[in-house]
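Below you'll find the structure, written out as structure tokens, and then a few comments.
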Amino acid sequence: MESRQLVIVGGGPAGLSAAIYTARANVDTLLIGCAPKVAGDYEIDNYFGFPETINGRELIERGKRQAERFGAVLDCDTVLGMHHGESGGFVVKAEKREIACKALILATGVARLAPKIPGLADYEAKGVSYCVSCDGFFHRGQPVAVAGEGIYAANQALELTAYTKDISIVTNGKKSEIKPEFQARLDRAGIPVIEARIEGLSGEAGLESVRLEGGRELPAHGLFIAMGAAGSGDFANTLGLAREGAFIIADPEQRTNIEGVFAAGDCTGGFLQISVAVGEGAKAGRGAINFLKKGA
Ligand SMILES: Cc1cc2nc3c(=O)[nH]c(=O)nc-3n(C[C@H](O)[C@H](O)[C@H](O)COP(=O)(O)OP(=O)(O)OC[C@H]3O[C@@H](n4cnc5c(N)ncnc54)[C@H](O)[C@@H]3O)c2cc1C
């Protein structure tokens with residue numbers, strides 16, 4: 001498996017700022033993340049140093065070039081999951097690569113919203129879950145469903161094969177965006193992808209079935225939510241990071257409750273602005289440098 005000192009997840013202002021600091025301090029830095037939302041034709045009028053305003057795309061391009069100048073490796077890939085390594089450190093699984101690293105900086109922006117599924121909140125902790133590696137075990141040998149339309153959902157479904165063979169993916173009305181390579185793996189595992197809306201959940205003490213449009217009842221002891229791409233909340237679940245609502249809790253030095261994991265920018269909440277994300281990225285970078293210097 002590929003090995004790095006540091007993986008930064010997120011290619012927005014926070015992740016790029018962190019990469020500038022760590023790569024400049026000679027830390028072997030891999031940043032995974034594609035263009036953030038702000039990298040479009042938006043005029044950024046309130047960021048220090050640009051009296052005539054700067055275009056969001058141009059600002060991010062400049063940040064990327066600066067991080068690369070110091071040796072950071074930038075990869076536009078999607079992180080599907082991460083977990084603690086067996087002999088310390090962390091393992092980050094992206095769509096195209098899997099990396100072992102000693103330190104992590106999460107800079108994934110604002111967390112995703114839960115999908116609009118009637119009754120979802122009523123079944124949280126009673127079958128509805130946001131984390132296969134946390135809760136898959138509770139559904140051993142039982143029918144389960146994964147709500148999602150992309151490769152994040154596909155990966156969660158494939159992880160569930162460690163616990164049960166009866167797995168379905170339901171796209172909740174979206175068109176499947178699962179790429180052929182993942183679709184082939186789902187086919188081999190006998191996991192159907194159902195392009196239907198979820199209209200409700202039912203069960204007495206816990207979840208028993210998912211009601212699809214058209215009235216079909218899909219038996220489900222567990223429903224794993226994996227809409228869109230994996231975000232900071234999903235990573236927090238698998239790593240055991242403390243959260244407040246959707247946001248990762250970080251101290252003033254951007255340290256999380258797990259040694260070696262730092263978080264910066266919008267994923268930590270607060271004032272969601274570029275200047276704040278850049279500052280927090282710098283502090284997370286410094287924290288990672290010091291952590292790695294200690295000989296992690
Ligand atoms: C349209 C728009 C206009 C804005 N205008 C302004 C403005 O004028 N001034 C201002 O100060 N702020 C503005 N903001 C807010 C500002 O953009 C954010 O506060 C800032 O970008 C936060 O930076 P971040 O690095 O924390 O997160 P983001 O910029 O959101 O970056 C998150 C990064 O994480 C990556 N990521 C997420 N999940 C994964 C995954 N699973 N795998 C790999 N990568 C992942 C994304 O691809 C992205 O690269 C604007 C925001 C938007 C959307």
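Naming scheme: A, B, ... for chains in displayed order of the structure tokens; residues 1 onward per chain; ligands 1 onward as shown.
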Checklist line | Contacts with ligand 1 at most 7 Å, only C-alpha atoms and all ligand atoms counted, listed as a PyMOL selection string | finding: chain A and resi 9-15+32-38+42-47+77-80+107-110+229-232+264-267+272-275+277
What are the closest atom pairs, with distances in Å to one decimal, for each residue of range 158-211 of chain A lying within 12 Å of range 122-144 of chain A, using only C-alpha atoms, rows by chain and rising residue number, as JSON lines?
{"residue": "A:Leu158", "atom": "CA", "partner": "A:Val132", "partner_atom": "CA", "distance": 9.9}
{"residue": "A:Glu159", "atom": "CA", "partner": "A:Val132", "partner_atom": "CA", "distance": 7.0}
{"residue": "A:Leu160", "atom": "CA", "partner": "A:Gly136", "partner_atom": "CA", "distance": 6.2}
{"residue": "A:Thr161", "atom": "CA", "partner": "A:Gly136", "partner_atom": "CA", "distance": 9.2}
{"residue": "A:Ala162", "atom": "CA", "partner": "A:Gly136", "partner_atom": "CA", "distance": 8.3}
{"residue": "A:Tyr163", "atom": "CA", "partner": "A:Arg140", "partner_atom": "CA", "distance": 4.7}
{"residue": "A:Thr164", "atom": "CA", "partner": "A:Gly141", "partner_atom": "CA", "distance": 4.5}
{"residue": "A:Lys165", "atom": "CA", "partner": "A:Gly141", "partner_atom": "CA", "distance": 6.8}
{"residue": "A:Asp166", "atom": "CA", "partner": "A:Pro143", "partner_atom": "CA", "distance": 4.7}
{"residue": "A:Ile167", "atom": "CA", "partner": "A:Val144", "partner_atom": "CA", "distance": 5.0}
{"residue": "A:Ser168", "atom": "CA", "partner": "A:Val144", "partner_atom": "CA", "distance": 6.6}
{"residue": "A:Ile169", "atom": "CA", "partner": "A:Val144", "partner_atom": "CA", "distance": 8.8}
{"residue": "A:Val170", "atom": "CA", "partner": "A:Val144", "partner_atom": "CA", "distance": 10.5}
{"residue": "A:Ile191", "atom": "CA", "partner": "A:Val144", "partner_atom": "CA", "distance": 10.5}
{"residue": "A:Pro192", "atom": "CA", "partner": "A:Val144", "partner_atom": "CA", "distance": 11.6}
{"residue": "A:Gly200", "atom": "CA", "partner": "A:Tyr123", "partner_atom": "CA", "distance": 10.7}
{"residue": "A:Leu201", "atom": "CA", "partner": "A:Tyr123", "partner_atom": "CA", "distance": 8.0}
{"residue": "A:Ser202", "atom": "CA", "partner": "A:Tyr123", "partner_atom": "CA", "distance": 8.7}
{"residue": "A:Gly203", "atom": "CA", "partner": "A:Tyr123", "partner_atom": "CA", "distance": 8.9}
{"residue": "A:Glu204", "atom": "CA", "partner": "A:Lys126", "partner_atom": "CA", "distance": 9.8}
{"residue": "A:Ala205", "atom": "CA", "partner": "A:Lys126", "partner_atom": "CA", "distance": 7.5}
{"residue": "A:Gly206", "atom": "CA", "partner": "A:Lys126", "partner_atom": "CA", "distance": 4.7}
{"residue": "A:Leu207", "atom": "CA", "partner": "A:Gly127", "partner_atom": "CA", "distance": 5.1}
{"residue": "A:Glu208", "atom": "CA", "partner": "A:Gly127", "partner_atom": "CA", "distance": 8.2}
{"residue": "A:Ser209", "atom": "CA", "partner": "A:Val144", "partner_atom": "CA", "distance": 9.0}
{"residue": "A:Val210", "atom": "CA", "partner": "A:Val144", "partner_atom": "CA", "distance": 9.6}
Note to self: Please list as a PyMOL selection string every residue within 12 Å of Arg69 in chain A, counting only C-alpha atoms and excluding residues in the same chain fewer than 6 positions away.
What the structure shows: chain A and resi 16+19-21+23-24+26+62-63
Expected file: the selected residues, C-alpha atoms, as an mmCIF file, in the first residue's frame:
data_model
loop_
_atom_site.group_PDB
_atom_site.id
_atom_site.type_symbol
_atom_site.label_atom_id
_atom_site.label_comp_id
_atom_site.auth_asym_id
_atom_site.auth_seq_id
_atom_site.Cartn_x
_atom_site.Cartn_y
_atom_site.Cartn_z
ATOM 1 C CA LEU A 16 -4.580 24.072 0.421
ATOM 2 C CA ALA A 19 -0.594 21.870 2.407
ATOM 3 C CA ILE A 20 1.411 25.059 1.819
ATOM 4 C CA TYR A 21 2.645 24.949 5.417
ATOM 5 C CA ALA A 23 4.988 20.810 2.233
ATOM 6 C CA ARG A 24 7.107 23.909 2.877
ATOM 7 C CA ASN A 26 9.314 19.220 4.100
ATOM 8 C CA ARG A 62 -3.206 30.153 -7.188
ATOM 9 C CA GLY A 63 -3.411 28.206 -3.919
#
Next item on the list: Mind checking which residues fall within 7 Å of range 252-254 of chain A, counting only C-alpha atoms, ignoring those fewer than 6 positions away in the same chain, and posting them as a PyMOL selection string?
Entry: chain A and resi 262-264+280+283-284+287
Next, write the just-selected residues to a file, as a tab-separated table (two decimals), in the first residue's frame, keeping N, CA and C atoms as the atom set.
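For reference, result-v9.tsv as written:
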chain	number	residue	atom	x	y	z
A	262	PHE	N	-6.28	16.28	12.58
A	262	PHE	CA	-6.57	17.71	12.70
A	262	PHE	C	-7.74	18.05	11.77
A	263	ALA	N	-8.46	19.09	12.09
A	263	ALA	CA	-9.59	19.49	11.25
A	263	ALA	C	-9.58	21.00	11.10
A	264	ALA	N	-9.95	21.47	9.91
A	264	ALA	CA	-9.87	22.91	9.65
A	264	ALA	C	-10.94	23.34	8.65
A	280	GLU	N	-7.25	28.59	9.75
A	280	GLU	CA	-7.33	27.29	10.45
A	280	GLU	C	-6.48	26.24	9.74
A	283	LYS	N	-2.98	26.60	10.91
A	283	LYS	CA	-2.77	26.05	12.27
A	283	LYS	C	-2.79	24.52	12.25
A	284	ALA	N	-3.69	23.95	11.44
A	284	ALA	CA	-3.73	22.49	11.34
A	284	ALA	C	-2.41	21.98	10.74
A	287	GLY	N	0.17	22.08	13.37
A	287	GLY	CA	-0.07	20.98	14.32
A	287	GLY	C	0.43	19.66	13.77
Next item on the list: Give the strand (DSSP E or B) residues of range 144-200 of chain A, as assigned by DSSP on the backbone, as a ChimeraX atom specification.
Entry: /A:144-147,167-170,193-194,198-200
Margin query: If we count only C-alpha atoms and set the cut-off at 6 Å, which residues sit around Leu31 in chain A, ignoring sequence neighbours fewer than 4 positions away in its own chain? Please answer as a ChimeraX atom specification.
Written below: /A:7-9,74
Pull the closest atom pair for each residue of range 212-271 of chain A that gets at most 12 Å from range 87-96 of chain A, along with the distance in Å to one decimal, counting only C-alpha atoms, ordering rows by chain and then ascending residue number, as a tab-separated table.
residue	atom	partner	partner_atom	distance
A:Ala229	CA	A:Glu95	CA	10.9
A:Ala230	CA	A:Ala94	CA	10.3
A:Phe235	CA	A:Val92	CA	9.8
A:Thr238	CA	A:Phe90	CA	11.1
A:Leu239	CA	A:Phe90	CA	8.9
A:Ile258	CA	A:Gly89	CA	10.7
A:Glu259	CA	A:Gly89	CA	9.4
A:Gly260	CA	A:Gly89	CA	7.8
A:Val261	CA	A:Phe90	CA	9.2
For the residues selected in the previous step, produce a file with C-alpha atoms as a PDB file, in the first residue's frame.
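So part.pdb came out as:
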ATOM      1  CA  ALA A 229     -20.005  11.782  -1.417  1.00  0.00           C
ATOM      2  CA  ALA A 230     -18.584  10.879   1.970  1.00  0.00           C
ATOM      3  CA  PHE A 235     -15.147  10.180   8.538  1.00  0.00           C
ATOM      4  CA  THR A 238     -15.440   5.825  11.535  1.00  0.00           C
ATOM      5  CA  LEU A 239     -12.465   7.467  13.260  1.00  0.00           C
ATOM      6  CA  ILE A 258      -7.844  11.741  18.184  1.00  0.00           C
ATOM      7  CA  GLU A 259      -4.093  12.253  18.261  1.00  0.00           C
ATOM      8  CA  GLY A 260      -2.708  12.852  14.785  1.00  0.00           C
ATOM      9  CA  VAL A 261      -6.026  14.002  13.310  1.00  0.00           C
TER      10      VAL A 261
END
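Comparing the minimum interatomic distances between Gly150 in chain A and each of A:Leu218, A:His84, A:Met227, A:Asp75, counting only C-alpha atoms, we find that A:Met227 sits nearest.
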Notebook entry, point to check: What is the distance between CA of Ile105 in chain A and CA of Thr29 in chain A, in Å to one decimal?
Noted result: 10.3 Å
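Minimum atom-to-atom distances from A:Ala72, A:Ala145, A:Ile248, A:Ala39 to Glu217 in chain A were compared using only C-alpha atoms, and the lowest value belongs to A:Ala145.
For the pair CA of Ala189 in chain A and CA of Gly85 in chain A, the separation is 25.9 Å.
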Item checked: Those in range 174-282 of chain A with alpha helix (DSSP H) from DSSP, as a list in words -> Pro180, Glu181, Phe182, Gln183, Ala184, Arg185, Leu186, Asp187, Arg188, Ala189, Ser232, Gly233, Asp234, Phe235, Ala236, Asn237, Thr238, Leu239, Ile274, Ser275, Val276, Ala277, Val278, Gly279, Glu280, Gly281 and Ala282 of chain A
How would the residues just chosen look if you wrote them out with C-alpha atoms as a PDB file, in the first residue's frame?
ATOM      1  CA  PRO A 180     -18.816   0.698 -14.194  1.00  0.00           C
ATOM      2  CA  GLU A 181     -15.926  -0.684 -12.133  1.00  0.00           C
ATOM      3  CA  PHE A 182     -17.986  -0.420  -8.921  1.00  0.00           C
ATOM      4  CA  GLN A 183     -21.134  -1.629 -10.684  1.00  0.00           C
ATOM      5  CA  ALA A 184     -19.259  -4.773 -11.767  1.00  0.00           C
ATOM      6  CA  ARG A 185     -18.214  -5.400  -8.157  1.00  0.00           C
ATOM      7  CA  LEU A 186     -21.814  -4.924  -6.992  1.00  0.00           C
ATOM      8  CA  ASP A 187     -23.007  -7.356  -9.684  1.00  0.00           C
ATOM      9  CA  ARG A 188     -20.472  -9.950  -8.533  1.00  0.00           C
ATOM     10  CA  ALA A 189     -21.675  -9.522  -4.932  1.00  0.00           C
ATOM     11  CA  SER A 232     -16.522  14.912   7.420  1.00  0.00           C
ATOM     12  CA  GLY A 233     -19.409  13.470   9.438  1.00  0.00           C
ATOM     13  CA  ASP A 234     -18.888  10.047   7.877  1.00  0.00           C
ATOM     14  CA  PHE A 235     -15.147  10.180   8.538  1.00  0.00           C
ATOM     15  CA  ALA A 236     -15.787  11.376  12.092  1.00  0.00           C
ATOM     16  CA  ASN A 237     -18.002   8.361  12.664  1.00  0.00           C
ATOM     17  CA  THR A 238     -15.440   5.825  11.535  1.00  0.00           C
ATOM     18  CA  LEU A 239     -12.465   7.467  13.260  1.00  0.00           C
ATOM     19  CA  ILE A 274     -12.275  31.851   3.221  1.00  0.00           C
ATOM     20  CA  SER A 275     -10.080  33.907   5.555  1.00  0.00           C
ATOM     21  CA  VAL A 276     -11.048  31.735   8.533  1.00  0.00           C
ATOM     22  CA  ALA A 277     -10.525  28.491   6.570  1.00  0.00           C
ATOM     23  CA  VAL A 278      -7.081  29.661   5.448  1.00  0.00           C
ATOM     24  CA  GLY A 279      -6.083  30.562   9.020  1.00  0.00           C
ATOM     25  CA  GLU A 280      -7.326  27.290  10.449  1.00  0.00           C
ATOM     26  CA  GLY A 281      -5.590  25.384   7.648  1.00  0.00           C
ATOM     27  CA  ALA A 282      -2.306  27.057   8.608  1.00  0.00           C
TER      28      ALA A 282
END
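CA of Gly285 in chain A to CA of Ala100 in chain A spans 18.3 Å [interatomic distance, one decimal].
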